[in-house]
Structures are given as structure tokens and as C-alpha cells.
Amino acid sequence: MAVQLDAQLLEILACPCPEHAPLKAGTAADPRADYLTCTSCGRSFPVRDGIPVLLLDEAVEPTAG
Ligand SMILES: [Zn+2]
């Protein structure tokens, strides 16, 4: 499964990190296909039932290397 989000919605979503950077949706080939990943800090946020959970508490930290 890949993230299926409205492109306009994705456009207005931003990471809660201090940079408020845009998020990119995972692709089917992505190991984090069901996540939105910040283009700045690299945190990945889960999408549950089509609803992005943009909480730092829920974020998956980027793996080193
Ligand atoms: Zn971020």
C-alpha cells in the first residue's frame, strides 16, 4: 500500500518540526509506503485510515546511514 492523499492536501501539510518543511508521500516500493516523510528532518509520519498523523510523538525518527 502506498499513501493515497489528495495532492492539494499534501501541498498544505507541513512537518511539525521547526522547519515546517513539506512532506512527501511514500511510494509502493518504499519500505515506509504508508508514511509521509519530511523533506527536511527526515521524520516519517504514519497515515492511519487515510488521515496523516502529524505528531512528533508518533513520528518515526530517520535511521542513521
Ligand atoms: Zn521535519
# chains A, B, ... in the order shown; residues from 1 in each chain; ligands from 1
>>> residues_around(residues="stretch 29-31 of chain A", least_positions_apart="3", cutoff="10 Å", atoms="only C-alpha atoms", output="ChimeraX atom specification")
/A:1-2,25-26,34-35
>>> closest_atom_pairs(of="chain A", to="ligand 1", cutoff="9 Å", atoms="only C-alpha atoms and all ligand atoms", output="tab-separated table")
residue	atom	partner	partner_atom_place_in_ligand_line	distance
A:Ala14	CA	ligand 1	1 (Zn)	7.8
A:Cys15	CA	ligand 1	1 (Zn)	4.6
A:Pro16	CA	ligand 1	1 (Zn)	6.2
A:Cys17	CA	ligand 1	1 (Zn)	4.3
A:Pro18	CA	ligand 1	1 (Zn)	7.1
A:Glu19	CA	ligand 1	1 (Zn)	6.2
A:His20	CA	ligand 1	1 (Zn)	6.1
A:Ala21	CA	ligand 1	1 (Zn)	5.6
A:Pro22	CA	ligand 1	1 (Zn)	7.8
A:Leu23	CA	ligand 1	1 (Zn)	7.9
A:Thr37	CA	ligand 1	1 (Zn)	7.8
A:Cys38	CA	ligand 1	1 (Zn)	4.6
A:Thr39	CA	ligand 1	1 (Zn)	6.6
A:Ser40	CA	ligand 1	1 (Zn)	5.1
A:Cys41	CA	ligand 1	1 (Zn)	4.1
A:Gly42	CA	ligand 1	1 (Zn)	6.0
A:Arg43	CA	ligand 1	1 (Zn)	5.8
A:Ser44	CA	ligand 1	1 (Zn)	8.4
A:Leu56	CA	ligand 1	1 (Zn)	9.0
>>> select_by_dssp(residues="chain A", states="alpha helix (DSSP H)", output="PyMOL selection string")
chain A and resi 7-12
>>> write_last_selection(atoms="C-alpha atoms", output="mmCIF file, in the first residue's frame")
data_model
loop_
_atom_site.group_PDB
_atom_site.id
_atom_site.type_symbol
_atom_site.label_atom_id
_atom_site.label_comp_id
_atom_site.auth_asym_id
_atom_site.auth_seq_id
_atom_site.Cartn_x
_atom_site.Cartn_y
_atom_site.Cartn_z
ATOM 1 C CA ALA A 7 -2.325 16.298 -3.939
ATOM 2 C CA GLN A 8 -3.788 19.574 -2.716
ATOM 3 C CA LEU A 9 -3.969 18.252 0.825
ATOM 4 C CA LEU A 10 -0.385 17.062 0.651
ATOM 5 C CA GLU A 11 0.591 20.520 -0.526
ATOM 6 C CA ILE A 12 -0.779 22.261 2.560
#
>>> select_by_dssp(residues="chain A", states="strand (DSSP E or B)", output="list in words")
Ala14, Pro22, Leu23, Lys24, Ala25, Tyr35, Leu36, Thr37, Cys38, Ser44, Phe45, Pro46, Val47, Arg48, Ile51, Pro52 and Val60 of chain A
>>> atom_distance(atom1="atom CA of A:Val60", atom2="atom CA of A:Phe45")
6.4 Å
>>> residues_around(residues="A:Glu58", least_positions_apart="3", cutoff="8 Å", atoms="only C-alpha atoms", output="PyMOL selection string")
chain A and resi 45-46+53-55
>>> atom_distance(atom1="atom CA of A:Leu13", atom2="atom CA of A:Pro52")
8.9 Å
